[in-house]
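Listing of coords-v5.pdb; format and content: PDB, C-alpha atoms.
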ATOM      1  CA  LEU A  16     -26.819  87.350 -86.320
ATOM      2  CA  LEU A  17     -28.349  83.889 -86.314
ATOM      3  CA  PHE A  18     -31.829  85.310 -85.740
ATOM      4  CA  ASN A  19     -31.322  87.825 -88.542
ATOM      5  CA  VAL A  20     -30.418  85.166 -91.097
ATOM      6  CA  ALA A  21     -33.133  82.703 -90.060
ATOM      7  CA  HIS A  22     -35.768  85.459 -89.885
ATOM      8  CA  ALA A  23     -34.778  86.877 -93.268
ATOM      9  CA  TYR A  24     -35.129  83.439 -94.829
ATOM     10  CA  SER A  25     -38.536  82.916 -93.224
ATOM     11  CA  VAL A  26     -39.687  86.205 -94.765
ATOM     12  CA  LEU A  27     -38.304  85.261 -98.188
ATOM     13  CA  ASP A  28     -39.833  81.789 -98.089
ATOM     14  CA  ALA A  29     -43.066  81.945 -96.109
ATOM     15  CA  GLU A  30     -44.010  78.392 -97.107
ATOM     16  CA  VAL A  31     -41.006  77.018 -95.238
ATOM     17  CA  GLY A  32     -41.075  79.770 -92.631
ATOM     18  CA  TYR A  33     -39.063  79.280 -89.459
ATOM     19  CA  SER A  34     -37.566  75.894 -88.714
ATOM     20  CA  GLN A  35     -35.093  74.980 -86.005
ATOM     21  CA  GLY A  36     -33.114  72.910 -88.488
ATOM     22  CA  ILE A  37     -32.440  76.024 -90.567
ATOM     23  CA  ASN A  38     -30.767  77.586 -87.524
ATOM     24  CA  PHE A  39     -28.079  74.911 -87.629
ATOM     25  CA  LEU A  40     -27.445  75.501 -91.331
ATOM     26  CA  ALA A  41     -27.248  79.253 -90.802
ATOM     27  CA  ALA A  42     -24.956  78.852 -87.784
ATOM     28  CA  VAL A  43     -22.385  76.894 -89.800
ATOM     29  CA  LEU A  44     -22.442  79.537 -92.519
ATOM     30  CA  LEU A  45     -22.041  82.370 -90.010
ATOM     31  CA  LEU A  46     -18.837  80.765 -88.758
ATOM     32  CA  HIS A  47     -17.381  81.397 -92.222
ATOM     33  CA  MET A  48     -18.907  84.620 -93.548
ATOM     34  CA  ARG A  49     -20.840  87.806 -92.875
ATOM     35  CA  GLN A  50     -24.580  87.552 -92.306
ATOM     36  CA  GLU A  51     -25.493  88.905 -95.760
ATOM     37  CA  HIS A  52     -23.383  86.256 -97.444
ATOM     38  CA  ALA A  53     -24.648  83.581 -95.035
ATOM     39  CA  PHE A  54     -28.207  84.458 -96.002
ATOM     40  CA  TRP A  55     -27.601  84.129 -99.725
ATOM     41  CA  VAL A  56     -25.639  80.892 -99.362
ATOM     42  CA  LEU A  57     -28.522  79.555 -97.251
ATOM     43  CA  VAL A  58     -30.883  80.472-100.090
ATOM     44  CA  GLN A  59     -28.684  78.506-102.489
ATOM     45  CA  LEU A  60     -28.591  75.526-100.124
ATOM     46  CA  MET A  61     -32.360  75.503-100.065
ATOM     47  CA  ARG A  62     -32.860  76.043-103.791
ATOM     48  CA  ARG A  63     -29.859  74.857-105.796
ATOM     49  CA  TYR A  64     -28.948  72.041-103.405
ATOM     50  CA  ARG A  65     -32.640  71.230-102.882
ATOM     51  CA  LEU A  66     -32.705  71.186 -99.095
ATOM     52  CA  ARG A  67     -35.937  73.191 -99.117
ATOM     53  CA  GLY A  68     -38.078  70.106 -99.576
ATOM     54  CA  LEU A  69     -36.741  68.645 -96.336
ATOM     55  CA  PHE A  70     -38.496  71.416 -94.417
ATOM     56  CA  LEU A  71     -41.857  71.307 -96.211
ATOM     57  CA  SER A  72     -44.510  69.200 -94.505
ATOM     58  CA  SER A  73     -46.296  68.934 -97.856
ATOM     59  CA  SER A  74     -43.217  67.481 -99.563
ATOM     60  CA  PRO A  75     -42.102  63.838 -99.456
ATOM     61  CA  THR A  76     -38.439  64.899 -99.701
ATOM     62  CA  LEU A  77     -37.472  64.000 -96.121
ATOM     63  CA  ALA A  78     -39.423  60.733 -96.222
ATOM     64  CA  VAL A  79     -37.689  59.843 -99.502
ATOM     65  CA  ALA A  80     -34.258  60.659 -98.047
ATOM     66  CA  LEU A  81     -34.980  58.443 -95.023
ATOM     67  CA  PHE A  82     -36.210  55.691 -97.344
ATOM     68  CA  LYS A  83     -32.953  55.932 -99.300
ATOM     69  CA  VAL A  84     -30.891  55.551 -96.108
ATOM     70  CA  ASP A  85     -32.904  52.458 -95.207
ATOM     71  CA  TRP A  86     -32.619  51.050 -98.749
ATOM     72  CA  LEU A  87     -28.867  51.617 -98.824
ATOM     73  CA  MET A  88     -28.426  50.110 -95.371
ATOM     74  CA  ALA A  89     -30.328  47.000 -96.430
ATOM     75  CA  ARG A  90     -27.932  46.512 -99.340
ATOM     76  CA  THR A  91     -24.602  47.584 -97.848
ATOM     77  CA  LEU A  92     -25.115  46.553 -94.202
ATOM     78  CA  PRO A  93     -27.723  43.763 -94.324
ATOM     79  CA  ALA A  94     -26.885  42.275 -90.912
ATOM     80  CA  LEU A  95     -27.145  45.658 -89.207
ATOM     81  CA  HIS A  96     -30.321  46.508 -91.119
ATOM     82  CA  GLN A  97     -31.925  43.257 -89.978
ATOM     83  CA  HIS A  98     -30.797  43.756 -86.371
ATOM     84  CA  LEU A  99     -32.207  47.285 -86.233
ATOM     85  CA  ARG A 100     -35.521  46.081 -87.641
ATOM     86  CA  GLU A 101     -35.689  43.255 -85.126
ATOM     87  CA  GLN A 102     -35.038  45.756 -82.333
ATOM     88  CA  GLY A 103     -37.687  48.149 -83.644
ATOM     89  CA  VAL A 104     -35.183  50.869 -84.597
ATOM     90  CA  ASP A 105     -36.196  52.879 -87.654
ATOM     91  CA  ALA A 106     -33.705  54.984 -89.622
ATOM     92  CA  SER A 107     -35.852  58.063 -89.051
ATOM     93  CA  MET A 108     -35.126  57.859 -85.317
ATOM     94  CA  PHE A 109     -31.556  59.028 -85.809
ATOM     95  CA  THR A 110     -30.916  60.129 -89.391
ATOM     96  CA  SER A 111     -33.590  62.853 -89.559
ATOM     97  CA  GLU A 112     -31.545  65.323 -87.533
ATOM     98  CA  TRP A 113     -28.369  64.293 -89.358
ATOM     99  CA  LEU A 114     -29.907  65.161 -92.727
ATOM    100  CA  LEU A 115     -31.964  68.199 -91.703
ATOM    101  CA  THR A 116     -28.883  69.897 -90.259
ATOM    102  CA  LEU A 117     -26.280  68.381 -92.596
ATOM    103  CA  PHE A 118     -24.533  66.944 -89.539
ATOM    104  CA  ALA A 119     -24.325  70.309 -87.787
ATOM    105  CA  TYR A 120     -26.413  69.076 -84.846
ATOM    106  CA  ALA A 121     -24.095  67.862 -82.046
ATOM    107  CA  PHE A 122     -21.295  66.709 -84.370
ATOM    108  CA  PRO A 123     -17.832  68.231 -83.881
ATOM    109  CA  LEU A 124     -17.140  71.134 -86.208
ATOM    110  CA  ASN A 125     -14.080  69.517 -87.798
ATOM    111  CA  PHE A 126     -16.394  66.734 -88.957
ATOM    112  CA  THR A 127     -19.257  69.019 -90.016
ATOM    113  CA  PHE A 128     -17.001  71.352 -92.007
ATOM    114  CA  ARG A 129     -15.468  68.476 -93.959
ATOM    115  CA  VAL A 130     -18.901  67.002 -94.679
ATOM    116  CA  TRP A 131     -20.047  70.379 -95.997
ATOM    117  CA  ASP A 132     -16.938  70.748 -98.165
ATOM    118  CA  ALA A 133     -17.754  67.501 -99.942
ATOM    119  CA  PHE A 134     -21.487  68.245 -99.966
ATOM    120  CA  PHE A 135     -20.934  71.447-101.951
ATOM    121  CA  VAL A 136     -19.069  69.409-104.572
ATOM    122  CA  LYS A 137     -21.056  66.163-104.603
ATOM    123  CA  GLY A 138     -24.509  67.282-103.533
ATOM    124  CA  PHE A 139     -27.022  65.554-101.271
ATOM    125  CA  SER A 140     -25.836  62.062-102.177
ATOM    126  CA  PHE A 141     -22.777  62.690-100.029
ATOM    127  CA  ALA A 142     -25.020  63.175 -96.982
ATOM    128  CA  LEU A 143     -26.393  59.689 -97.658
ATOM    129  CA  GLN A 144     -22.843  58.346 -97.965
ATOM    130  CA  VAL A 145     -21.991  59.830 -94.575
ATOM    131  CA  CYS A 146     -25.064  58.256 -92.968
ATOM    132  CA  ILE A 147     -24.056  54.830 -94.239
ATOM    133  CA  ALA A 148     -20.409  55.375 -93.292
ATOM    134  CA  LEU A 149     -21.338  56.244 -89.695
ATOM    135  CA  LEU A 150     -23.457  53.120 -89.444
ATOM    136  CA  LYS A 151     -20.749  50.989 -91.042
ATOM    137  CA  ARG A 152     -18.037  52.335 -88.734
ATOM    138  CA  PHE A 153     -20.032  51.547 -85.607
ATOM    139  CA  ALA A 154     -21.888  48.460 -86.856
ATOM    140  CA  PRO A 155     -20.071  46.032 -84.499
ATOM    141  CA  ASP A 156     -21.122  48.131 -81.504
ATOM    142  CA  LEU A 157     -24.707  48.454 -82.709
ATOM    143  CA  LEU A 158     -25.064  44.750 -83.492
ATOM    144  CA  ALA A 159     -24.266  43.902 -79.883
ATOM    145  CA  ARG A 160     -26.966  46.141 -78.384
ATOM    146  CA  PRO A 161     -30.735  46.034 -77.804
ATOM    147  CA  PHE A 162     -33.156  48.854 -78.642
ATOM    148  CA  GLU A 163     -32.522  51.266 -75.746
ATOM    149  CA  GLN A 164     -28.762  50.901 -75.941
ATOM    150  CA  ILE A 165     -28.772  51.355 -79.735
ATOM    151  CA  ILE A 166     -30.601  54.666 -79.405
ATOM    152  CA  LEU A 167     -28.249  55.793 -76.623
ATOM    153  CA  PHE A 168     -25.159  54.739 -78.583
ATOM    154  CA  LEU A 169     -26.277  56.604 -81.704
ATOM    155  CA  ARG A 170     -26.808  59.755 -79.655
ATOM    156  CA  GLN A 171     -23.236  59.398 -78.396
ATOM    157  CA  VAL A 172     -21.679  59.010 -81.866
ATOM    158  CA  PRO A 173     -20.938  62.763 -82.249
ATOM    159  CA  ALA A 174     -19.157  62.762 -78.875
ATOM    160  CA  ARG A 175     -17.092  59.749 -79.941
ATOM    161  CA  LEU A 176     -15.932  61.643 -83.022
ATOM    162  CA  ALA A 177     -15.115  64.676 -80.879
ATOM    163  CA  LEU A 178     -13.052  62.616 -78.429
ATOM    164  CA  ASP A 179     -11.059  60.845 -81.134
ATOM    165  CA  PRO A 180     -10.336  62.965 -84.240
ATOM    166  CA  SER A 181      -8.948  59.890 -86.001
ATOM    167  CA  GLU A 182     -12.523  58.595 -86.092
ATOM    168  CA  VAL A 183     -13.460  61.591 -88.231
ATOM    169  CA  ASP A 184     -10.859  60.550 -90.797
ATOM    170  CA  LYS A 185     -12.055  56.933 -90.728
ATOM    171  CA  VAL A 186     -15.731  57.802 -91.192
ATOM    172  CA  LEU A 187     -15.126  60.300 -93.984
ATOM    173  CA  SER A 188     -12.726  57.961 -95.750
ATOM    174  CA  MET A 189     -15.440  55.305 -95.635
ATOM    175  CA  ALA A 190     -18.017  57.793 -96.881
ATOM    176  CA  HIS A 191     -15.975  58.707 -99.950
ATOM    177  CA  GLY A 192     -15.586  55.011-100.752
ATOM    178  CA  ILE A 193     -19.282  54.124-100.562
ATOM    179  CA  SER A 194     -21.074  53.755-103.880
ATOM    180  CA  TRP A 195     -24.301  52.233-105.162
ATOM    181  CA  ASP A 196     -26.417  51.649-108.229
ATOM    182  CA  ASN A 197     -28.045  55.067-108.451
ATOM    183  CA  HIS A 198     -30.521  53.956-111.104
ATOM    184  CA  ALA A 199     -31.803  51.175-108.838
ATOM    185  CA  LEU A 200     -31.974  53.562-105.879
ATOM    186  CA  GLU A 201     -33.994  56.139-107.795
ATOM    187  CA  LEU A 202     -36.364  53.479-109.127
ATOM    188  CA  ALA A 203     -36.965  52.234-105.592
ATOM    189  CA  ALA A 204     -37.437  55.797-104.323
ATOM    190  CA  GLY A 205     -39.904  56.500-107.143
ATOM    191  CA  ALA A 206     -41.902  53.423-106.227
ATOM    192  CA  PHE A 207     -41.887  54.526-102.582
ATOM    193  CA  VAL A 208     -43.289  57.934-103.539
ATOM    194  CA  GLU A 209     -46.078  56.280-105.545
ATOM    195  CA  VAL A 210     -47.010  54.119-102.560
ATOM    196  CA  CYS A 211     -47.085  57.215-100.345
ATOM    197  CA  ARG A 212     -49.408  59.006-102.778
ATOM    198  CA  GLU A 213     -51.825  56.093-102.817
ATOM    199  CA  ARG A 214     -52.223  56.141 -99.029
TER
END
Take the structure in the file and write it out as structure tokens.
Amino acid sequence: LLFNVAHAYSVLDAEVGYSQGINFLAAVLLLHMRQEHAFWVLVQLMRRYRLRGLFLSSSPTLAVALFKVDWLMARTLPALHQHLREQGVDASMFTSEWLLTLFAYAFPLNFTFRVWDAFFVKGFSFALQVCIALLKRFAPDLLARPFEQIILFLRQVPARLALDPSEVDKVLSMAHGISWDNHALELAAGAFVEVCRER
């Protein structure tokens, strides 16, 4: 079933083609519906919810999303942002797979399903809120670690949520409470895109 949905999408959208990240999106959908419906909801995720750009090498969409995570971290978690920079940890090292799979990669399903519920209502901005909430929840642990241990700890975050369901509630409660100046964020993202084009 998973192959059928992913293959059908690759035929529909040859520019995106096959991507491993799409498998995770399709897998979540197949847990809730028949393959025909999963295919068409996947199409809507890519088009209406604008995930398609994340999978296009010619598009700056993923780079912009990663920039936004970094920008938001700098403003909401400045101490953690500074520590990660000092340790040589870039947001792309851990948030790429979070965003490309909408938290379907490695995270427990009770967490992923609830993220998707809110995503369908709020859109991609909620994925950014979840990224910041995860970092905020585990900031004390991350601040106490050097580079190698930070990377290892971040890889273990999904397992921590699986072991303690109350952590899922805490992270998602934080996510819903995170807000920012969207105008300022979009201006910064626009400037980032212009810099990328000039390179």
Point to revise | Spatial neighbours of Ala174 of chain A, max dist 12 Å, only C-alpha atoms, sep filter under 3 positions, as an NGL selection string | key: :A and (120-124 or 126 or 167-171 or 177-180 or 182-183)
Mind writing the picked residues with C-alpha atoms as an mmCIF file, in the frame of the given file?
data_model
loop_
_atom_site.group_PDB
_atom_site.id
_atom_site.type_symbol
_atom_site.label_atom_id
_atom_site.label_comp_id
_atom_site.auth_asym_id
_atom_site.auth_seq_id
_atom_site.Cartn_x
_atom_site.Cartn_y
_atom_site.Cartn_z
ATOM 1 C CA TYR A 120 -26.413 69.076 -84.846
ATOM 2 C CA ALA A 121 -24.095 67.862 -82.046
ATOM 3 C CA PHE A 122 -21.295 66.709 -84.370
ATOM 4 C CA PRO A 123 -17.832 68.231 -83.881
ATOM 5 C CA LEU A 124 -17.140 71.134 -86.208
ATOM 6 C CA PHE A 126 -16.394 66.734 -88.957
ATOM 7 C CA LEU A 167 -28.249 55.793 -76.623
ATOM 8 C CA PHE A 168 -25.159 54.739 -78.583
ATOM 9 C CA LEU A 169 -26.277 56.604 -81.704
ATOM 10 C CA ARG A 170 -26.808 59.755 -79.655
ATOM 11 C CA GLN A 171 -23.236 59.398 -78.396
ATOM 12 C CA ALA A 177 -15.115 64.676 -80.879
ATOM 13 C CA LEU A 178 -13.052 62.616 -78.429
ATOM 14 C CA ASP A 179 -11.059 60.845 -81.134
ATOM 15 C CA PRO A 180 -10.336 62.965 -84.240
ATOM 16 C CA GLU A 182 -12.523 58.595 -86.092
ATOM 17 C CA VAL A 183 -13.460 61.591 -88.231
#
Per residue of segment 51-93 of chain A within 10 Å of segment 24-38 of chain A, which atom pair is closest and at what distance in Å (one decimal), using only C-alpha atoms, listed by chain and increasing number, as CSV?
residue,atom,partner,partner_atom,distance
A:Phe54,CA,A:Tyr24,CA,7.1
A:Trp55,CA,A:Tyr24,CA,9.0
A:Leu57,CA,A:Tyr24,CA,8.0
A:Val58,CA,A:Tyr24,CA,7.4
A:Met61,CA,A:Ile37,CA,9.5
A:Leu66,CA,A:Ile37,CA,9.8
A:Arg67,CA,A:Val31,CA,7.4
A:Gly68,CA,A:Val31,CA,8.7
A:Leu69,CA,A:Val31,CA,9.5
A:Phe70,CA,A:Val31,CA,6.2
A:Leu71,CA,A:Val31,CA,5.9
A:Ser72,CA,A:Val31,CA,8.6
A:Ser73,CA,A:Glu30,CA,9.8
Review point. Within 8 Å of segment 139-141 of chain A, counting all atoms listed in the file, which residues qualify if same-chain residues fewer than 3 places away don't, as a ChimeraX atom specification?
Key: /A:64,130,133-134,144-145,190-191
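Take atom CA of Ser111 of chain A and atom CA of Leu81 of chain A: the distance between them is 7.2 Å.
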Evaluate the PyMOL selection byres ((chain A and resi 47-52) around 8) on the structure here and hand back the selected residues as a compact mmCIF listing (two decimals) with C-alpha atoms, keeping the file's coordinate frame.
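This is the output file expr.txt:
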# COMPACT_ATOMS: atom_id res chain seq x y z
CA LEU A 16 -26.82 87.35 -86.32
CA LEU A 17 -28.35 83.89 -86.31
CA ASN A 19 -31.32 87.82 -88.54
CA VAL A 20 -30.42 85.17 -91.10
CA VAL A 43 -22.38 76.89 -89.80
CA LEU A 44 -22.44 79.54 -92.52
CA LEU A 45 -22.04 82.37 -90.01
CA LEU A 46 -18.84 80.76 -88.76
CA ALA A 53 -24.65 83.58 -95.04
CA PHE A 54 -28.21 84.46 -96.00
CA TRP A 55 -27.60 84.13 -99.72
CA VAL A 56 -25.64 80.89 -99.36
With 10 Å as the cut-off and only C-alpha atoms counted, what is the closest atom pair between each nearby residue of segment 84-106 of chain A and segment 148-154 of chain A? Distances in Å to one decimal, ordered by chain and number, as a Markdown table.
| residue | atom | partner | partner_atom | distance |
| --- | --- | --- | --- | --- |
| A:Met88 | CA | A:Leu150 | CA | 8.3 |
| A:Thr91 | CA | A:Lys151 | CA | 8.5 |
| A:Leu92 | CA | A:Lys151 | CA | 7.0 |
| A:Ala94 | CA | A:Ala154 | CA | 8.9 |
| A:Leu95 | CA | A:Ala154 | CA | 6.4 |
| A:His96 | CA | A:Ala154 | CA | 9.6 |
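A straight line drawn from atom CA of Thr116 of chain A to atom CA of Ala41 of chain A is 9.5 Å long.
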Practice item. Counting all atoms listed in the file, figure out which residue out of A:Lys137, A:Ile165, A:Ala78, A:Ala42 gets nearest to Glu101 of chain A. Key: A:Ile165
Point to revise | Surrounding residues of Val208 of chain A excluding itself and chain neighbours under 3 positions, 12 Å, only C-alpha atoms, as a PyMOL selection string | key: chain A and resi 74-83+201-205+211-214
**Study point:** Option closest in space to Val186 of chain A, from A:Leu114, A:Cys146, A:Leu200, A:Ala159 [counting all atoms listed in the file]
**Key:** A:Cys146
Exercise for review: Using only C-alpha atoms, pick whichever of A:Phe162, A:Ala23, A:Asn197, A:Pro173 has the shortest atom-to-atom distance to His98 of chain A.
Suggested key: A:Phe162
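The space separating atom CA of Val104 of chain A from atom CA of Arg90 of chain A comes to 17.0 Å.
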As lines of an AutoDock Vina configuration file: centre and edge lengths in Å, one decimal, of the axis-aligned box holding segment 94-98 of chain A with 6 Å per side:
center_x = -29.4
center_y = 44.4
center_z = -88.7
size_x = 17.0
size_y = 16.2
size_z = 16.7
**Study point:** Residue nearest Phe207 of chain A - candidates A:Asn125, A:Leu176, A:Asp85, A:Leu117, atoms counted: only C-alpha atoms
**Key:** A:Asp85
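Taking all atoms listed in the file into account, Gly192 of chain A lies nearest to A:Ile147 out of the set A:Gln97, A:Ile147, A:Ala119, A:Phe39.
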